[in-house]
$ cat query-v1.csv   # CSV, C-alpha atoms and all ligand atoms
chain,number,residue,atom,x,y,z
M,333,MET,CA,0.0,0.0,0.0
M,334,VAL,CA,1.6,3.2,-1.1
M,335,PHE,CA,0.3,6.7,-0.5
M,336,LYS,CA,-0.2,8.9,-3.5
M,337,THR,CA,1.9,12.0,-3.7
M,338,THR,CA,0.3,15.0,-2.2
M,339,THR,CA,-0.3,17.4,-5.0
M,340,LEU,CA,-3.9,18.3,-4.9
M,341,VAL,CA,-4.2,20.5,-1.9
M,342,SER,CA,-5.0,24.2,-2.2
M,343,LEU,CA,-7.4,25.6,-4.8
M,344,LEU,CA,-7.9,22.3,-6.6
M,345,ALA,CA,-9.3,20.8,-3.4
M,346,ALA,CA,-11.7,23.7,-3.0
M,347,SER,CA,-15.0,22.6,-4.4
M,348,SER,CA,-17.6,24.9,-2.9
M,349,PHE,CA,-18.7,27.7,-5.1
M,350,PHE,CA,-20.2,30.8,-3.5
M,351,ILE,CA,-21.8,33.8,-5.1
M,352,GLY,CA,-22.7,36.7,-2.8
M,353,GLY,CA,-22.1,34.5,0.2
M,354,SER,CA,-24.7,31.8,-0.6
M,355,ALA,CA,-23.8,28.4,-1.8
M,356,LEU,CA,-24.8,27.1,-5.3
M,357,ALA,CA,-25.1,23.4,-6.0
M,358,THR,CA,-22.0,22.2,-4.3
M,359,THR,CA,-19.7,19.2,-4.2
M,360,PHE,CA,-17.9,19.1,-1.0
M,361,LYS,CA,-14.5,17.4,-0.9
M,362,VAL,CA,-13.6,15.2,2.0
M,363,ALA,CA,-10.0,14.2,2.6
M,364,VAL,CA,-9.8,10.7,4.3
M,365,GLY,CA,-6.4,9.9,5.8
M,366,ASP,CA,-6.8,6.1,5.6
M,367,ALA,CA,-7.6,3.7,2.8
M,368,GLN,CA,-11.0,2.5,1.5
M,369,GLY,CA,-12.3,-0.1,3.9
M,370,SER,CA,-10.9,1.6,6.9
M,371,ALA,CA,-13.0,2.9,9.9
M,372,GLN,CA,-12.5,6.4,8.6
M,373,TRP,CA,-13.8,5.5,5.2
M,374,GLU,CA,-16.8,3.7,6.6
M,375,MET,CA,-17.7,6.7,8.7
M,376,ALA,CA,-17.1,9.1,5.8
M,377,SER,CA,-19.2,7.0,3.5
M,378,LYS,CA,-22.1,7.1,5.9
M,379,PHE,CA,-21.7,10.9,6.3
M,380,LYS,CA,-21.8,11.2,2.5
M,381,THR,CA,-25.0,9.2,2.0
M,382,ALA,CA,-26.7,10.8,5.0
M,383,PHE,CA,-25.8,14.3,3.9
M,384,GLU,CA,-26.7,13.8,0.3
M,385,ALA,CA,-30.1,12.4,1.3
M,386,LYS,CA,-30.8,15.2,3.7
M,387,THR,CA,-30.1,17.8,1.0
M,388,GLY,CA,-32.2,16.0,-1.5
M,389,GLY,CA,-29.2,15.5,-3.8
M,390,LYS,CA,-28.6,19.2,-4.1
M,391,HIS,CA,-25.3,18.8,-2.5
M,392,LYS,CA,-22.8,16.1,-3.1
M,393,VAL,CA,-19.8,14.7,-1.2
M,394,ASP,CA,-16.7,13.3,-2.8
M,395,LEU,CA,-14.3,11.2,-0.7
M,396,PHE,CA,-10.5,11.2,-1.3
M,397,PRO,CA,-8.9,8.3,0.6
M,398,ASN,CA,-5.2,7.5,1.3
M,399,GLY,CA,-4.1,11.1,2.1
M,400,GLN,CA,-4.6,12.1,-1.5
M,401,LEU,CA,-5.5,15.7,-0.4
M,402,GLY,CA,-2.6,16.0,2.0
M,403,SER,CA,-1.2,14.4,5.1
M,404,GLU,CA,-3.7,14.4,7.9
M,405,GLU,CA,-1.8,17.3,9.6
M,406,THR,CA,-1.8,19.4,6.4
M,407,THR,CA,-5.6,19.0,6.0
M,408,VAL,CA,-6.3,20.8,9.3
M,409,ASN,CA,-4.7,23.9,7.8
M,410,SER,CA,-6.3,23.4,4.4
M,411,ALA,CA,-9.8,23.1,6.0
M,412,SER,CA,-9.1,26.1,8.1
M,413,ILE,CA,-8.2,28.4,5.2
M,414,GLY,CA,-11.0,27.0,3.0
M,415,THR,CA,-8.9,25.3,0.3
M,416,LEU,CA,-10.4,22.0,1.5
M,417,ASP,CA,-14.0,21.4,2.8
M,418,PHE,CA,-13.8,18.4,5.2
M,419,SER,CA,-11.2,16.0,6.5
M,420,VAL,CA,-11.4,12.8,8.5
M,421,LEU,CA,-8.2,12.3,10.6
M,422,ALA,CA,-7.0,10.9,13.8
M,423,ILE,CA,-7.5,13.2,16.8
M,424,ASN,CA,-3.8,13.0,17.6
M,425,ASN,CA,-3.1,14.8,14.4
M,426,ILE,CA,-5.4,17.7,15.5
M,427,THR,CA,-3.8,18.1,18.9
M,428,PRO,CA,-0.8,20.1,17.6
M,429,PHE,CA,-3.2,22.7,16.4
M,430,SER,CA,-5.6,22.6,19.4
M,431,PRO,CA,-3.7,21.2,22.4
M,432,THR,CA,-6.7,20.8,24.7
M,433,VAL,CA,-8.0,17.9,22.7
M,434,GLY,CA,-4.9,16.1,24.0
M,435,VAL,CA,-7.0,15.1,27.0
M,436,LEU,CA,-8.4,12.4,24.7
M,437,THR,CA,-4.9,11.1,23.8
M,438,LEU,CA,-3.5,11.0,27.3
M,439,PRO,CA,-2.5,7.3,27.7
M,440,TYR,CA,-5.0,5.0,29.4
M,441,VAL,CA,-7.6,7.7,30.2
M,442,ILE,CA,-10.2,6.1,27.9
M,443,GLN,CA,-10.6,2.4,28.8
M,444,SER,CA,-13.4,1.3,26.5
M,445,ALA,CA,-15.3,2.2,23.4
M,446,GLU,CA,-18.3,3.0,25.6
M,447,GLU,CA,-16.2,5.6,27.5
M,448,ALA,CA,-14.9,7.0,24.2
M,449,LYS,CA,-18.5,7.5,23.0
M,450,GLN,CA,-19.7,8.9,26.3
M,451,LEU,CA,-16.9,11.6,26.2
M,452,VAL,CA,-17.2,12.7,22.6
M,453,THR,CA,-21.0,12.8,22.4
M,454,GLY,CA,-21.4,14.6,25.8
M,455,GLU,CA,-20.3,17.9,27.4
M,456,ILE,CA,-16.6,17.2,26.9
M,457,GLY,CA,-17.0,16.7,23.2
M,458,LYS,CA,-18.9,20.0,22.9
M,459,GLU,CA,-16.1,21.8,24.8
M,460,LEU,CA,-13.4,20.3,22.6
M,461,THR,CA,-15.3,21.2,19.5
M,462,ALA,CA,-15.6,24.8,20.6
M,463,ASN,CA,-11.8,24.7,21.3
M,464,THR,CA,-10.9,23.4,17.8
M,465,VAL,CA,-13.0,26.2,16.3
M,466,ARG,CA,-11.2,28.8,18.4
M,467,ASP,CA,-7.7,27.4,18.0
M,468,ALA,CA,-7.6,25.8,14.6
M,469,GLY,CA,-10.5,27.2,12.6
M,470,VAL,CA,-12.1,23.8,12.2
M,471,ARG,CA,-15.3,22.3,13.6
M,472,ILE,CA,-15.7,18.7,14.6
M,473,VAL,CA,-19.0,17.4,13.2
M,474,GLY,CA,-18.7,13.7,13.8
M,475,TRP,CA,-16.5,11.0,15.2
M,476,THR,CA,-15.0,7.7,14.0
M,477,PHE,CA,-14.4,5.0,16.7
M,478,THR,CA,-11.4,3.0,15.4
M,479,GLY,CA,-10.5,1.1,18.6
M,480,PHE,CA,-7.5,0.9,20.8
M,481,ARG,CA,-4.0,1.6,19.4
M,482,VAL,CA,-1.8,-1.5,19.5
M,483,LEU,CA,1.9,-1.8,18.8
M,484,THR,CA,3.2,-3.5,15.7
M,485,ASN,CA,6.7,-4.3,14.7
M,486,SER,CA,8.7,-6.4,12.3
M,487,LYS,CA,11.4,-7.7,14.6
M,488,LYS,CA,10.1,-9.6,17.7
M,489,PRO,CA,7.2,-10.3,20.0
M,490,ILE,CA,7.1,-7.5,22.6
M,491,LYS,CA,5.8,-8.4,26.1
M,492,THR,CA,7.5,-6.0,28.4
M,493,ILE,CA,8.7,-2.4,28.3
M,494,ALA,CA,12.3,-3.8,28.4
M,495,ASP,CA,11.6,-5.6,25.1
M,496,LEU,CA,11.2,-2.2,23.4
M,497,LYS,CA,14.9,-1.5,23.7
M,498,GLY,CA,16.6,-1.1,20.3
M,499,LEU,CA,13.4,-0.8,18.3
M,500,LYS,CA,12.7,2.3,16.1
M,501,ILE,CA,9.0,3.1,16.6
M,502,ARG,CA,7.2,5.6,14.5
M,503,VAL,CA,4.7,7.8,16.3
M,504,PRO,CA,2.5,10.7,15.1
M,505,LYS,CA,3.9,14.2,15.5
M,506,ASN,CA,2.1,14.3,18.8
M,507,GLU,CA,3.9,15.3,22.0
M,508,ILE,CA,1.8,13.1,24.3
M,509,MET,CA,2.5,10.0,22.2
M,510,ILE,CA,6.2,10.8,22.0
M,511,ALA,CA,6.3,11.3,25.8
M,512,SER,CA,4.5,7.9,26.3
M,513,TYR,CA,7.3,6.0,24.5
M,514,GLN,CA,9.9,8.1,26.3
M,515,ALA,CA,8.3,7.0,29.6
M,516,TRP,CA,8.7,3.5,28.4
M,517,GLY,CA,12.4,4.1,27.9
M,518,ILE,CA,12.9,4.7,24.1
M,519,ASN,CA,13.0,7.7,21.9
M,520,PRO,CA,10.3,7.2,19.1
M,521,THR,CA,10.5,8.6,15.6
M,522,PRO,CA,7.8,11.3,15.0
M,523,MET,CA,6.6,11.0,11.4
M,524,ALA,CA,3.6,12.0,9.3
M,525,TRP,CA,1.0,9.3,8.8
M,526,SER,CA,1.3,9.5,5.0
M,527,GLU,CA,5.0,8.5,5.2
M,528,THR,CA,4.5,5.6,7.6
M,529,PHE,CA,3.9,2.6,5.3
M,530,THR,CA,6.9,3.4,3.2
M,531,ALA,CA,9.1,3.9,6.2
M,532,LEU,CA,8.0,0.5,7.6
M,533,GLN,CA,8.6,-1.1,4.2
M,534,GLN,CA,12.1,0.3,3.8
M,535,GLY,CA,13.1,-0.4,7.4
M,536,VAL,CA,13.5,3.3,8.3
M,537,VAL,CA,11.4,2.3,11.3
M,538,ASP,CA,10.7,-1.1,12.8
M,539,GLY,CA,7.2,-0.5,14.2
M,540,GLN,CA,4.3,1.8,14.8
M,541,ASP,CA,1.0,1.8,16.7
M,542,ASN,CA,-2.5,2.1,15.4
M,543,PRO,CA,-5.8,0.2,15.9
M,544,TYR,CA,-6.4,-3.3,14.5
M,545,LEU,CA,-8.8,-1.8,11.9
M,546,THR,CA,-6.2,0.6,10.7
M,547,VAL,CA,-3.4,-2.0,10.6
M,548,HIS,CA,-5.7,-4.1,8.5
M,549,SER,CA,-7.0,-1.5,6.1
M,550,MET,CA,-3.5,0.0,5.5
M,551,LYS,CA,-2.2,-3.5,4.7
M,552,PHE,CA,0.5,-3.3,7.4
M,553,SER,CA,0.6,-7.1,7.6
M,554,GLU,CA,2.7,-6.9,4.4
M,555,VAL,CA,5.5,-5.1,6.4
M,556,GLN,CA,4.8,-6.0,10.1
M,557,LYS,CA,4.8,-9.3,11.9
M,558,TYR,CA,4.1,-8.8,15.6
M,559,ILE,CA,1.3,-7.0,17.4
M,560,THR,CA,1.3,-6.2,21.1
M,561,ASN,CA,-2.0,-5.2,22.8
M,562,ILE,CA,-0.7,-2.2,24.6
M,563,ARG,CA,-4.1,-0.4,24.1
M,564,TYR,CA,-2.7,2.9,25.4
M,565,VAL,CA,-4.9,5.3,23.4
M,566,PHE,CA,-8.4,4.8,22.1
M,567,SER,CA,-8.3,6.1,18.5
M,568,LEU,CA,-10.9,8.7,17.9
M,569,GLU,CA,-10.9,10.1,14.4
M,570,PRO,CA,-13.2,13.1,13.8
M,571,ILE,CA,-14.6,14.5,10.7
M,572,ILE,CA,-13.8,18.2,10.6
M,573,VAL,CA,-15.1,21.1,8.4
M,574,GLY,CA,-13.5,24.4,8.0
M,575,GLU,CA,-15.3,26.8,10.3
M,576,ALA,CA,-15.5,29.5,7.5
M,577,THR,CA,-16.9,27.0,5.1
M,578,PHE,CA,-19.5,25.9,7.7
M,579,LYS,CA,-20.5,29.4,8.5
M,580,LYS,CA,-21.0,30.3,4.8
M,581,GLN,CA,-23.6,27.6,4.4
M,582,PRO,CA,-27.3,28.4,4.8
M,583,ALA,CA,-29.0,27.1,7.9
M,584,ASP,CA,-30.6,24.0,6.3
M,585,VAL,CA,-27.2,22.9,5.0
M,586,GLN,CA,-25.5,23.5,8.4
M,587,LYS,CA,-28.3,21.4,10.0
M,588,ALA,CA,-27.8,18.6,7.4
M,589,ILE,CA,-24.0,18.6,8.1
M,590,LEU,CA,-24.5,18.3,11.8
M,591,GLU,CA,-27.2,15.6,11.5
M,592,ALA,CA,-25.2,13.6,9.0
M,593,GLY,CA,-22.3,13.8,11.4
M,594,THR,CA,-24.3,12.5,14.2
M,595,GLU,CA,-25.7,9.6,12.1
M,596,ALA,CA,-22.2,8.8,10.9
M,597,THR,CA,-20.9,8.7,14.5
M,598,GLU,CA,-23.6,6.2,15.6
M,599,HIS,CA,-22.8,4.1,12.5
M,600,SER,CA,-19.1,4.1,13.3
M,601,TYR,CA,-19.6,3.0,16.8
M,602,LYS,CA,-21.7,0.0,15.8
M,603,TRP,CA,-19.4,-0.8,12.9
M,604,LEU,CA,-16.4,-1.1,15.3
M,605,ALA,CA,-18.2,-3.5,17.5
M,606,ASP,CA,-19.3,-5.6,14.5
M,607,THR,CA,-15.9,-5.6,12.8
M,608,GLU,CA,-12.9,-5.6,15.1
M,609,GLY,CA,-13.1,-9.3,16.1
M,610,LYS,CA,-13.3,-10.4,12.5
M,611,ILE,CA,-10.4,-8.2,11.5
M,612,LYS,CA,-8.2,-9.6,14.3
M,613,LYS,CA,-8.8,-13.1,12.9
M,614,GLU,CA,-7.9,-11.9,9.4
M,615,LEU,CA,-4.7,-10.3,10.6
M,616,THR,CA,-3.7,-13.6,12.3
M,617,ALA,CA,-4.6,-15.5,9.1
M,618,LYS,CA,-2.3,-13.2,7.3
M,619,GLY,CA,0.6,-14.3,9.6
M,620,MET,CA,0.6,-11.6,12.2
M,621,GLN,CA,1.2,-12.8,15.8
M,622,ILE,CA,-0.8,-11.1,18.6
M,623,THR,CA,0.8,-10.9,22.0
M,624,ASP,CA,-0.6,-9.5,25.3
M,625,PRO,CA,1.8,-7.5,27.6
M,626,ALA,CA,3.3,-9.9,30.2
M,627,ASP,CA,1.5,-8.5,33.2
M,628,GLY,CA,-1.7,-7.3,31.6
M,629,GLU,CA,-0.7,-3.7,30.9
M,630,LYS,CA,0.3,-2.8,34.5
M,631,GLU,CA,3.9,-1.6,33.9
M,632,TRP,CA,2.9,0.2,30.7
M,633,ILE,CA,0.0,1.9,32.5
M,634,ALA,CA,2.0,2.8,35.6
M,635,LYS,CA,4.9,4.4,33.7
M,636,ALA,CA,2.7,6.3,31.3
M,637,THR,CA,0.1,7.7,33.7
M,638,THR,CA,2.6,8.8,36.4
M,639,THR,CA,5.1,10.3,34.0
M,640,VAL,CA,3.1,11.5,31.1
M,641,TRP,CA,-0.1,12.9,32.6
M,642,PRO,CA,1.5,15.6,34.7
M,643,LYS,CA,3.7,16.8,31.8
M,644,PHE,CA,0.6,17.8,29.9
M,645,TYR,CA,-1.7,19.4,32.5
M,646,ALA,CA,-0.8,22.9,31.2
M,647,SER,CA,-1.4,22.1,27.5
M,648,ILE,CA,-4.8,20.4,28.1
M,649,GLY,CA,-5.9,23.5,30.0
M,650,GLY,CA,-5.1,22.5,33.5
M,651,LYS,CA,-5.3,19.3,35.7
M,652,ASP,CA,-9.0,20.1,36.4
M,653,LYS,CA,-9.7,19.3,32.7
M,654,LEU,CA,-8.4,15.8,33.2
M,655,ASP,CA,-10.2,15.5,36.5
M,656,LYS,CA,-13.5,16.5,34.8
M,657,VAL,CA,-13.0,13.7,32.2
M,658,LEU,CA,-12.2,11.1,34.9
M,659,LYS,CA,-15.2,12.3,36.9
M,660,THR,CA,-17.4,12.0,33.8
M,661,LEU,CA,-16.2,8.4,33.5
M,662,GLY,CA,-17.0,7.7,37.2
M,663,ARG,CA,-13.4,7.5,38.3
S,1,LIG,C1,-1.6,8.3,12.9
S,1,LIG,O1,-1.0,7.3,13.4
S,1,LIG,O2,-1.0,9.3,12.5
S,1,LIG,C2,-3.1,8.1,12.7
S,1,LIG,O3,-3.6,7.5,13.8
S,1,LIG,C3,-3.3,7.4,11.5
S,1,LIG,C4,-4.8,7.4,11.1
S,1,LIG,O4,-5.3,8.4,10.8
S,1,LIG,O5,-5.4,6.3,10.9
$ encode --input "query-v1.csv" --output "structure tokens" --more "lines below"
Ligand code: MLT
Amino acid sequence: MVFKTTTLVSLLAASSFFIGGSALATTFKVAVGDAQGSAQWEMASKFKTAFEAKTGGKHKVDLFPNGQLGSEETTVNSASIGTLDFSVLAINNITPFSPTVGVLTLPYVIQSAEEAKQLVTGEIGKELTANTVRDAGVRIVGWTFTGFRVLTNSKKPIKTIADLKGLKIRVPKNEIMIASYQAWGINPTPMAWSETFTALQQGVVDGQDNPYLTVHSMKFSEVQKYITNIRYVFSLEPIIVGEATFKKQPADVQKAILEAGTEATEHSYKWLADTEGKIKKELTAKGMQITDPADGEKEWIAKATTTVWPKFYASIGGKDKLDKVLKTLGR
């Protein structure tokens, strides 16, 4: 699986036509970081059908998978300045632009898909959406639930933190994820998502982490052998729209966007539950070996929570933001 070169961002990606501030029949372009068949693609496809139905076919949605419209990080800026309409991307790739969403990528805060849903569809989700509008000029209108991130590598089964020694692990350009691996004793390699498959293939890095669904849809089994269930971050992958683009739409179109986003979120949640078990079996059938950490996840959790959480209190907006999340989850 190889990513297409990113050449289409900017004006080519802008597909909404406005005259005097009101939208004519419009095709909205949606960048999708992952491949067709991924959780991102499934959610975006549901968004497309729901939105097109709600607007009676007056508005269309075109999906561009595999980072064709830019790396996930780049699409945040493109949506913000209006050269791209929507993007579906991992939350960790928004955090650099709106640090308070980092509360959702702090290791081991979210412990189940139910908790992930509870957070993003409730008060916390509303707050974080307001923050991305304020900080990054993009609005979250729906969520993909992709599952827990697990560690893959090409060299050996990993059971303990000590086993990580000597491995080169790619991480997103996300300070919290970098700090997590540092807490586990290695210096990971921050790298754009769009470069990851090739880097694994060429041995520039030995491993990476992402959910089972992503490992499968991105065909990582072709270049990775071992999976460890470290489950340190639950991958939430929102669909964002440029705030300026959203604001330019008439009220009925804004409503259709928000409703389609809600329907796509519900669909994604069910799809994860229906699909993940099957995908794990397929990965095993393709020769991948799945290992659990030796002591459950105890040493991974202890190091990550005690070392990483305090480092990011300031960037997530204060320790009380994390306390509020934990309280919402009944902890
Ligand atoms: C990343 O690792 O950068 C993202 O989680 C990849 C993705 O969007 O699936």
$ residues_near_ligand --input "query-v1.csv" --ligand "ligand LIG 1 (chain S)" --cutoff "6 Å" --atoms "all atoms listed in the file" --output "ChimeraX atom specification"
/M:365-366,421-422,504,525,542,546
$ residues_around --input "query-v1.csv" --residues "region 507-518 of chain M" --least-positions-apart "4" --cutoff "6 Å" --atoms "all atoms listed in the file" --output "list in words"
Ile493, Lys635 and Ala636 of chain M
$ write_last_selection --input "query-v1.csv" --atoms "C-alpha atoms" --output "PDB file, in the frame of the given file"
ATOM      1  CA  ILE M 493       8.700  -2.400  28.300  1.00  0.00           C
ATOM      2  CA  LYS M 635       4.900   4.400  33.700  1.00  0.00           C
ATOM      3  CA  ALA M 636       2.700   6.300  31.300  1.00  0.00           C
TER       4      ALA M 636
END
$ atom_distance --input "query-v1.csv" --atom1 "CA of Gln400 (chain M)" --atom2 "CA of Ala363 (chain M)"
7.1 Å
$ atom_distance --input "query-v1.csv" --atom1 "CA of Ala617 (chain M)" --atom2 "CA of Ser549 (chain M)"
14.5 Å
$ closest_residue --input "query-v1.csv" --among "M:Val441, M:Leu532, M:Leu545, M:Leu499" --to "Phe566 (chain M)" --atoms "all atoms listed in the file"
M:Val441
$ atom_distance --input "query-v1.csv" --atom1 "CA of Asn519 (chain M)" --atom2 "CA of Lys500 (chain M)"
7.9 Å
$ residues_around --input "query-v1.csv" --residues "region 621-634 of chain M" --least-positions-apart "4" --cutoff "12 Å" --atoms "all atoms listed in the file" --output "MDAnalysis selection string"
chainID M and resid 438:443 482:496 512:517 544 553 556:565 612:617 638:641
$ write_last_selection --input "query-v1.csv" --atoms "C-alpha atoms" --output "mmCIF file, in the frame of the given file"
data_model
loop_
_atom_site.group_PDB
_atom_site.id
_atom_site.type_symbol
_atom_site.label_atom_id
_atom_site.label_comp_id
_atom_site.auth_asym_id
_atom_site.auth_seq_id
_atom_site.Cartn_x
_atom_site.Cartn_y
_atom_site.Cartn_z
ATOM 1 C CA LEU M 438 -3.500 11.000 27.300
ATOM 2 C CA PRO M 439 -2.500 7.300 27.700
ATOM 3 C CA TYR M 440 -5.000 5.000 29.400
ATOM 4 C CA VAL M 441 -7.600 7.700 30.200
ATOM 5 C CA ILE M 442 -10.200 6.100 27.900
ATOM 6 C CA GLN M 443 -10.600 2.400 28.800
ATOM 7 C CA VAL M 482 -1.800 -1.500 19.500
ATOM 8 C CA LEU M 483 1.900 -1.800 18.800
ATOM 9 C CA THR M 484 3.200 -3.500 15.700
ATOM 10 C CA ASN M 485 6.700 -4.300 14.700
ATOM 11 C CA SER M 486 8.700 -6.400 12.300
ATOM 12 C CA LYS M 487 11.400 -7.700 14.600
ATOM 13 C CA LYS M 488 10.100 -9.600 17.700
ATOM 14 C CA PRO M 489 7.200 -10.300 20.000
ATOM 15 C CA ILE M 490 7.100 -7.500 22.600
ATOM 16 C CA LYS M 491 5.800 -8.400 26.100
ATOM 17 C CA THR M 492 7.500 -6.000 28.400
ATOM 18 C CA ILE M 493 8.700 -2.400 28.300
ATOM 19 C CA ALA M 494 12.300 -3.800 28.400
ATOM 20 C CA ASP M 495 11.600 -5.600 25.100
ATOM 21 C CA LEU M 496 11.200 -2.200 23.400
ATOM 22 C CA SER M 512 4.500 7.900 26.300
ATOM 23 C CA TYR M 513 7.300 6.000 24.500
ATOM 24 C CA GLN M 514 9.900 8.100 26.300
ATOM 25 C CA ALA M 515 8.300 7.000 29.600
ATOM 26 C CA TRP M 516 8.700 3.500 28.400
ATOM 27 C CA GLY M 517 12.400 4.100 27.900
ATOM 28 C CA TYR M 544 -6.400 -3.300 14.500
ATOM 29 C CA SER M 553 0.600 -7.100 7.600
ATOM 30 C CA GLN M 556 4.800 -6.000 10.100
ATOM 31 C CA LYS M 557 4.800 -9.300 11.900
ATOM 32 C CA TYR M 558 4.100 -8.800 15.600
ATOM 33 C CA ILE M 559 1.300 -7.000 17.400
ATOM 34 C CA THR M 560 1.300 -6.200 21.100
ATOM 35 C CA ASN M 561 -2.000 -5.200 22.800
ATOM 36 C CA ILE M 562 -0.700 -2.200 24.600
ATOM 37 C CA ARG M 563 -4.100 -0.400 24.100
ATOM 38 C CA TYR M 564 -2.700 2.900 25.400
ATOM 39 C CA VAL M 565 -4.900 5.300 23.400
ATOM 40 C CA LYS M 612 -8.200 -9.600 14.300
ATOM 41 C CA LYS M 613 -8.800 -13.100 12.900
ATOM 42 C CA GLU M 614 -7.900 -11.900 9.400
ATOM 43 C CA LEU M 615 -4.700 -10.300 10.600
ATOM 44 C CA THR M 616 -3.700 -13.600 12.300
ATOM 45 C CA ALA M 617 -4.600 -15.500 9.100
ATOM 46 C CA THR M 638 2.600 8.800 36.400
ATOM 47 C CA THR M 639 5.100 10.300 34.000
ATOM 48 C CA VAL M 640 3.100 11.500 31.100
ATOM 49 C CA TRP M 641 -0.100 12.900 32.600
#
$ residues_around --input "query-v1.csv" --residues "Leu436 (chain M)" --least-positions-apart "3" --cutoff "10 Å" --atoms "all atoms listed in the file" --output "list in words"
Ile423, Asn424, Thr427, Thr432, Val433, Pro439, Tyr440, Val441, Ile442, Ala448, Leu451, Val452, Ile456, Gly457, Leu460, Val565, Phe566, Ser567, Leu568, Ile648, Leu654 and Val657 of chain M
$ write_last_selection --input "query-v1.csv" --atoms "C-alpha atoms" --output "PDB file, keeping the file's coordinate frame"
ATOM      1  CA  ILE M 423      -7.500  13.200  16.800  1.00  0.00           C
ATOM      2  CA  ASN M 424      -3.800  13.000  17.600  1.00  0.00           C
ATOM      3  CA  THR M 427      -3.800  18.100  18.900  1.00  0.00           C
ATOM      4  CA  THR M 432      -6.700  20.800  24.700  1.00  0.00           C
ATOM      5  CA  VAL M 433      -8.000  17.900  22.700  1.00  0.00           C
ATOM      6  CA  PRO M 439      -2.500   7.300  27.700  1.00  0.00           C
ATOM      7  CA  TYR M 440      -5.000   5.000  29.400  1.00  0.00           C
ATOM      8  CA  VAL M 441      -7.600   7.700  30.200  1.00  0.00           C
ATOM      9  CA  ILE M 442     -10.200   6.100  27.900  1.00  0.00           C
ATOM     10  CA  ALA M 448     -14.900   7.000  24.200  1.00  0.00           C
ATOM     11  CA  LEU M 451     -16.900  11.600  26.200  1.00  0.00           C
ATOM     12  CA  VAL M 452     -17.200  12.700  22.600  1.00  0.00           C
ATOM     13  CA  ILE M 456     -16.600  17.200  26.900  1.00  0.00           C
ATOM     14  CA  GLY M 457     -17.000  16.700  23.200  1.00  0.00           C
ATOM     15  CA  LEU M 460     -13.400  20.300  22.600  1.00  0.00           C
ATOM     16  CA  VAL M 565      -4.900   5.300  23.400  1.00  0.00           C
ATOM     17  CA  PHE M 566      -8.400   4.800  22.100  1.00  0.00           C
ATOM     18  CA  SER M 567      -8.300   6.100  18.500  1.00  0.00           C
ATOM     19  CA  LEU M 568     -10.900   8.700  17.900  1.00  0.00           C
ATOM     20  CA  ILE M 648      -4.800  20.400  28.100  1.00  0.00           C
ATOM     21  CA  LEU M 654      -8.400  15.800  33.200  1.00  0.00           C
ATOM     22  CA  VAL M 657     -13.000  13.700  32.200  1.00  0.00           C
TER      23      VAL M 657
END
